[in-house]
file target.txt (compact mmCIF, C-alpha atoms)
# COMPACT_ATOMS: atom_id res chain seq x y z
CA ASP A 344 -111.61 -10.44 -23.92
CA ILE A 345 -113.00 -13.79 -25.03
CA VAL A 346 -111.10 -13.53 -28.33
CA SER A 347 -107.85 -12.67 -26.54
CA ALA A 348 -108.35 -15.54 -24.08
CA ASN A 349 -108.89 -17.96 -26.95
CA THR A 350 -105.78 -16.61 -28.68
CA VAL A 351 -103.67 -17.09 -25.55
CA GLY A 352 -105.10 -20.56 -24.99
CA GLY A 353 -104.42 -21.56 -28.59
CA HIS A 354 -100.84 -20.28 -28.38
CA PHE A 355 -100.30 -22.25 -25.16
CA LEU A 356 -101.66 -25.43 -26.75
CA ARG A 357 -99.41 -24.96 -29.78
CA GLN A 358 -96.38 -24.64 -27.48
CA ILE A 359 -97.32 -27.85 -25.66
CA ARG A 360 -97.81 -29.67 -28.96
CA PHE A 361 -94.47 -28.37 -30.28
CA ARG A 362 -92.61 -29.52 -27.15
CA TYR A 363 -94.29 -32.93 -27.32
CA GLU A 364 -93.38 -33.35 -30.98
CA THR A 365 -89.80 -32.23 -30.28
CA LYS A 366 -89.41 -34.75 -27.46
CA THR A 367 -90.91 -37.47 -29.66
CA MET A 368 -88.47 -36.63 -32.46
CA ASP A 369 -85.55 -36.65 -30.00
CA ARG A 370 -86.58 -40.09 -28.74
CA VAL A 371 -86.93 -41.41 -32.26
CA ALA A 372 -83.53 -40.00 -33.21
CA ALA A 373 -81.94 -41.54 -30.09
CA MET A 374 -83.50 -44.92 -30.82
CA LEU A 375 -82.36 -44.80 -34.44
CA PHE A 376 -78.83 -43.86 -33.37
CA LEU A 377 -78.76 -46.70 -30.83
CA LEU A 378 -80.06 -49.13 -33.44
CA ALA A 379 -77.36 -47.99 -35.89
CA VAL A 380 -74.66 -48.46 -33.25
CA ILE A 381 -75.91 -51.97 -32.41
CA VAL A 382 -76.10 -53.00 -36.08
CA THR A 383 -72.65 -51.56 -36.82
CA THR A 384 -71.14 -53.30 -33.79
CA ALA A 385 -72.77 -56.61 -34.76
CA VAL A 386 -71.54 -56.37 -38.36
CA LEU A 387 -68.00 -55.47 -37.29
CA SER A 388 -67.98 -58.26 -34.72
CA LEU A 389 -69.10 -60.84 -37.29
CA ALA A 390 -66.48 -59.59 -39.73
CA PHE A 391 -63.82 -59.67 -37.05
CA PHE A 392 -64.80 -63.21 -35.99
CA SER A 393 -64.68 -64.37 -39.63
CA ILE A 394 -61.19 -62.94 -40.16
CA CYS A 395 -59.55 -63.86 -36.84
CA PRO A 396 -61.79 -66.17 -34.79
CA LEU A 397 -59.23 -67.18 -32.16
CA PHE A 398 -58.14 -63.64 -31.40
CA SER A 399 -61.75 -62.42 -31.35
CA THR A 400 -62.70 -65.16 -28.89
CA CYS A 401 -59.83 -64.21 -26.57
CA ILE A 402 -60.69 -60.50 -26.70
CA THR A 403 -64.38 -61.22 -26.07
CA ALA A 404 -63.52 -63.35 -23.05
CA LEU A 405 -61.22 -60.66 -21.65
CA LEU A 406 -63.86 -57.97 -22.18
CA TYR A 407 -66.43 -60.14 -20.40
CA VAL A 408 -64.08 -60.57 -17.44
CA LEU A 409 -63.47 -56.81 -17.39
CA PHE A 410 -67.21 -56.08 -17.49
CA TYR A 411 -67.84 -58.54 -14.64
CA PHE A 412 -65.06 -56.92 -12.61
CA LEU A 413 -66.42 -53.39 -13.10
CA ALA A 414 -70.09 -54.33 -12.61
CA ASN A 415 -69.66 -56.28 -9.35
CA GLU A 416 -68.24 -53.90 -6.77
CA SER A 417 -69.33 -56.24 -3.96
CA SER A 418 -66.99 -58.95 -5.22
CA GLY A 419 -64.08 -59.99 -3.03
CA VAL A 420 -61.57 -58.65 -5.54
CA HIS A 421 -62.68 -55.12 -4.57
CA HIS A 422 -62.12 -55.65 -0.83
CA ALA A 423 -58.52 -54.39 -0.98
CA GLN A 424 -56.54 -52.22 -3.34
CA GLU A 425 -53.89 -54.94 -3.59
CA PHE A 426 -56.51 -57.31 -5.03
CA GLU A 427 -57.57 -54.76 -7.64
CA ASN A 428 -53.94 -54.11 -8.52
CA ARG A 429 -53.34 -57.82 -9.05
CA PHE A 430 -56.43 -58.02 -11.27
CA TRP A 431 -55.23 -55.19 -13.53
CA THR A 432 -51.74 -56.70 -13.67
CA ILE A 433 -52.98 -60.18 -14.64
CA TRP A 434 -55.63 -58.84 -17.04
CA SER A 435 -53.14 -56.62 -18.91
CA ALA A 436 -50.62 -59.48 -19.09
CA LEU A 437 -53.27 -61.79 -20.57
CA LEU A 438 -54.21 -59.10 -23.08
CA ALA A 439 -50.57 -58.84 -24.11
CA VAL A 440 -50.40 -62.64 -24.45
CA ALA A 441 -53.46 -62.61 -26.72
CA ILE A 442 -52.04 -59.85 -28.90
CA ILE A 443 -48.56 -61.35 -29.19
CA TYR A 444 -49.09 -65.12 -29.25
CA VAL A 445 -52.52 -65.81 -30.82
CA PRO A 446 -51.76 -66.89 -34.43
CA ASP A 447 -54.51 -64.85 -36.11
CA SER A 448 -53.81 -61.67 -34.12
CA PRO A 449 -53.47 -58.54 -36.30
CA VAL A 450 -50.06 -57.85 -34.72
CA TYR A 451 -48.88 -61.44 -34.38
CA PHE A 452 -45.09 -61.76 -34.40
CA GLU A 453 -44.11 -65.12 -35.83
CA ASP A 454 -40.35 -64.90 -35.48
CA LEU A 455 -40.06 -63.69 -31.90
CA GLY A 456 -37.21 -65.24 -30.00
CA PRO A 457 -37.68 -67.31 -26.86
CA TYR A 458 -37.05 -64.27 -24.68
CA VAL A 459 -38.58 -61.30 -26.52
CA GLY A 460 -42.21 -62.40 -26.15
CA PRO A 461 -42.09 -63.15 -22.40
CA MET A 462 -40.17 -59.92 -21.82
CA MET A 463 -42.87 -57.93 -23.64
CA VAL A 464 -45.61 -59.60 -21.58
CA LEU A 465 -43.73 -58.96 -18.33
CA THR A 466 -43.08 -55.36 -19.32
CA VAL A 467 -46.77 -54.71 -20.03
CA GLY A 468 -47.90 -56.38 -16.80
CA TYR A 469 -45.30 -54.64 -14.65
CA GLY A 470 -46.01 -51.29 -16.33
CA VAL A 471 -49.72 -51.49 -15.57
CA HIS A 472 -48.94 -52.70 -12.04
CA THR A 473 -46.63 -49.73 -11.40
CA TRP A 474 -49.00 -47.21 -13.00
CA ASP A 475 -51.89 -48.37 -10.81
CA ARG A 476 -49.71 -48.11 -7.70
CA ILE A 477 -48.63 -44.57 -8.63
CA VAL A 478 -52.22 -43.44 -9.19
CA HIS A 479 -53.34 -44.93 -5.88
CA ARG A 480 -50.33 -43.43 -4.06
CA LYS A 481 -51.29 -39.95 -5.29
CA GLU A 482 -54.70 -40.40 -3.71
CA MET A 483 -53.21 -41.64 -0.45
CA ASN A 484 -50.62 -38.84 -0.28
CA ARG A 485 -53.24 -36.21 0.47
CA GLN A 486 -52.74 -34.78 3.93
CA ILE A 487 -55.70 -34.45 6.28
CA PRO A 488 -56.27 -30.75 7.09
CA VAL A 489 -56.17 -31.16 10.87
CA GLY A 490 -54.22 -28.67 12.93
CA LEU A 491 -54.13 -26.56 16.03
CA ARG A 492 -56.13 -23.41 16.66
CA ARG A 493 -56.51 -21.04 13.75
CA GLY A 494 -55.37 -18.10 15.84
CA ALA A 495 -51.82 -19.42 15.98
CA SER A 496 -49.61 -19.61 12.95
CA ALA A 497 -47.83 -22.82 11.99
CA ALA A 498 -44.44 -21.40 13.04
CA GLN A 499 -45.73 -20.23 16.45
CA SER A 500 -47.41 -23.57 17.07
CA LEU A 501 -44.22 -25.40 16.13
CA VAL A 502 -42.13 -23.27 18.51
CA ARG A 503 -44.50 -23.91 21.41
CA LEU A 504 -44.54 -27.65 20.72
CA ASN A 505 -40.75 -27.82 20.56
CA ALA A 506 -40.57 -25.93 23.86
CA MET A 507 -42.50 -28.74 25.56
CA GLY A 508 -39.31 -30.81 25.68
CA GLY A 509 -38.43 -34.25 24.40
CA MET A 510 -37.93 -35.02 20.74
CA SER A 511 -38.75 -32.05 18.53
CA ILE A 512 -41.62 -32.15 16.07
CA GLU A 513 -39.23 -31.89 13.13
CA GLU A 514 -37.33 -34.96 14.33
CA GLN A 515 -40.56 -36.92 14.79
CA LEU A 516 -41.75 -35.97 11.31
CA ASN A 517 -38.38 -36.91 9.83
CA ARG A 518 -38.41 -40.28 11.60
CA ILE A 519 -41.91 -41.04 10.30
CA SER A 520 -40.91 -39.95 6.81
CA ASN A 521 -37.77 -42.13 6.84
CA CYS A 522 -39.70 -45.14 8.09
CA MET A 523 -42.31 -44.69 5.35
CA LYS A 524 -39.56 -44.51 2.72
CA ASN A 525 -38.18 -47.82 3.98
CA ILE A 526 -41.64 -49.44 3.93
CA ASP A 527 -43.00 -47.93 0.71
CA GLN A 528 -40.61 -48.96 -2.03
CA MET A 529 -41.40 -47.35 -5.38
CA LEU A 530 -40.38 -50.26 -7.62
CA VAL A 531 -40.99 -53.20 -5.26
CA PRO A 532 -44.59 -54.20 -4.42
CA SER A 533 -45.49 -54.24 -0.74
CA THR A 534 -46.39 -57.94 -0.86
CA ILE A 535 -42.91 -58.89 -2.08
CA ASN A 536 -41.21 -56.41 0.25
CA ASN A 537 -43.09 -57.78 3.28
CA PHE A 538 -42.26 -61.35 2.24
CA ILE A 539 -38.53 -60.72 1.81
CA ASN A 540 -37.93 -58.14 4.57
CA GLN A 541 -40.76 -58.89 6.97
CA GLN A 542 -38.82 -58.34 10.20
CA TYR A 543 -37.29 -55.10 8.91
CA VAL A 544 -40.68 -53.80 7.75
CA MET A 545 -42.28 -54.71 11.08
CA ARG A 546 -39.55 -52.77 12.95
CA GLN A 547 -40.23 -49.69 10.83
CA GLU A 548 -43.97 -49.99 11.46
CA ARG A 549 -43.38 -50.41 15.19
CA GLU A 550 -41.23 -47.26 15.23
CA ILE A 551 -44.01 -45.21 13.60
CA ILE A 552 -46.53 -46.50 16.14
CA SER A 553 -44.17 -45.73 19.02
CA ILE A 554 -43.78 -42.13 17.81
CA PHE A 555 -47.54 -41.66 17.91
CA GLU A 556 -47.75 -43.39 21.30
CA ASP A 557 -45.09 -41.20 22.92
CA ALA A 558 -46.38 -37.91 21.50
CA GLN A 559 -48.21 -35.46 23.76
CA PRO A 560 -51.83 -34.62 22.81
CA LYS A 561 -51.00 -31.31 21.09
CA ALA A 562 -47.95 -32.79 19.39
CA LEU A 563 -50.04 -35.75 18.23
CA ASN A 564 -52.61 -33.36 16.80
CA TYR A 565 -49.85 -31.55 14.90
CA LEU A 566 -48.33 -34.82 13.63
CA ILE A 567 -51.66 -36.08 12.33
CA GLY A 568 -52.14 -32.86 10.38
CA HIS A 569 -48.67 -32.94 8.81
CA VAL A 570 -48.11 -36.59 7.86
CA LYS A 571 -49.60 -38.57 5.00
CA LEU A 572 -52.01 -40.39 7.28
CA GLY A 573 -53.87 -42.17 4.49
CA LEU A 574 -50.63 -43.61 3.11
CA ILE A 575 -49.53 -44.65 6.62
CA PHE A 576 -52.77 -46.54 7.23
CA TYR A 577 -52.47 -48.17 3.82
CA LYS A 578 -48.84 -49.26 4.15
CA ILE A 579 -48.88 -50.44 7.77
CA LYS A 580 -50.26 -53.99 7.66
CA ASP A 581 -51.73 -56.56 9.99
CA HIS A 582 -49.19 -59.37 9.79
CA ARG A 583 -49.88 -63.01 10.55
CA SER A 584 -48.15 -63.07 13.92
CA TYR A 585 -50.14 -62.10 17.00
CA ARG A 586 -47.76 -59.26 17.86
CA GLY A 587 -47.77 -57.99 14.28
CA GLN A 588 -51.31 -56.58 14.17
CA HIS A 589 -49.89 -53.11 13.56
CA ARG A 590 -52.72 -51.60 11.51
CA THR A 591 -55.29 -52.60 14.13
CA GLU A 592 -53.05 -51.22 16.87
CA LEU A 593 -52.61 -47.91 15.00
CA ILE A 594 -56.38 -47.58 14.45
CA GLU A 595 -57.10 -48.21 18.13
CA LEU A 596 -54.39 -45.72 19.13
CA LEU A 597 -55.65 -42.86 16.95
CA ALA A 598 -59.36 -43.61 17.35
call {"tool": "encode", "arguments": {"input": "target.txt", "output": "structure tokens"}}
result
Amino acid sequence: DIVSANTVGGHFLRQIRFRYETKTMDRVAAMLFLLAVIVTTAVLSLAFFSICPLFSTCITALLYVLFYFLANESSGVHHAQEFENRFWTIWSALLAVAIIYVPDSPVYFEDLGPYVGPMMVLTVGYGVHTWDRIVHRKEMNRQIPVGLRRGASAAQSLVRLNAMGGMSIEEQLNRISNCMKNIDQMLVPSTINNFINQQYVMRQEREIISIFEDAQPKALNYLIGHVKLGLIFYKIKDHRSYRGQHRTELIELLA
């Protein structure tokens, strides 16, 4: 029994020692890999700076700005999606400027005409701007799964709501959808659309709010579950005029 106990104890100690040595080797390997990455990055950076110093300086500055943007989520640029969209638009345009116009850039075009370069920069900036808007719109298009009682099907609930009189649910949904199409232009940013067509946009927002105001409780519950509520809250703005605080009014109405 004593011999068997010593054998078991020795086997247990060998396992502990093996695990400790394995962890030590893994740490050493990780440190060596990290050191190799740092040395390789430093060597490539020095080589890059020696070949194209101006372009390397511009890229380093842009990467620093990008790191500061990603590392500081409490910054004011993160307070609204429009601010983040403007950052990505300006940052991508500056990157295109550095690639196209810096003399020692690897892809520097010396014989670009007076219009080709600016058009390329505008194309890159507008492309990133539109792509960011599309990605954000996909997130906002998700419908909130709020509905009536589970015992009733959607068709039965819709029939009962239409039987309550007034404007039918389909008409209310179509009116909201048409108003959102007029507000949310695919190719025109909301800032520009609100600046050019402010009165028209405010009328569309007011119509959406009036539909929610006039809806009966059950109809309102159905509408909330079948509209893109996130996109509505995002697109309806608080305008500068006192009577144009539409987002605040919509929040107070639905809260």
call {"tool": "atom_distance", "arguments": {"input": "target.txt", "atom1": "CA of Val408 in chain A", "atom2": "CA of Val464 in chain A"}}
result
19.0 Å
call {"tool": "residues_around", "arguments": {"input": "target.txt", "residues": "range 466-481 of chain A", "least_positions_apart": "2", "cutoff": "7 Å", "atoms": "all atoms listed in the file", "output": "PyMOL selection string"}}
result
chain A and resi 428+431-433+435-436+439+462-464+483-484
call {"tool": "atom_distance", "arguments": {"input": "target.txt", "atom1": "CA of Phe426 in chain A", "atom2": "CA of Leu406 in chain A"}}
result
18.7 Å
call {"tool": "atom_distance", "arguments": {"input": "target.txt", "atom1": "CA of Lys561 in chain A", "atom2": "CA of Ile526 in chain A"}}
result
26.7 Å
call {"tool": "residues_around", "arguments": {"input": "target.txt", "residues": "Cys522 in chain A", "least_positions_apart": "5", "cutoff": "10 Å", "atoms": "only C-alpha atoms", "output": "PyMOL selection string"}}
result
chain A and resi 516-517+527+544+546-551+575
call {"tool": "closest_residue", "arguments": {"input": "target.txt", "among": "A:Asp447, A:Glu514, A:Glu595, A:Asp369", "to": "Cys395 in chain A", "atoms": "only C-alpha atoms"}}
result
A:Asp447
call {"tool": "closest_residue", "arguments": {"input": "target.txt", "among": "A:Pro560, A:Pro449, A:Gly419, A:Pro532", "to": "Leu597 in chain A", "atoms": "all atoms listed in the file"}}
result
A:Pro560
call {"tool": "closest_residue", "arguments": {"input": "target.txt", "among": "A:Phe391, A:Phe555, A:Phe398, A:Tyr585", "to": "Tyr444 in chain A", "atoms": "all atoms listed in the file"}}
result
A:Phe398
call {"tool": "residues_around", "arguments": {"input": "target.txt", "residues": "Ser388 in chain A", "least_positions_apart": "5", "cutoff": "9 Å", "atoms": "only C-alpha atoms", "output": "PyMOL selection string"}}
result
chain A and resi 383+393+399
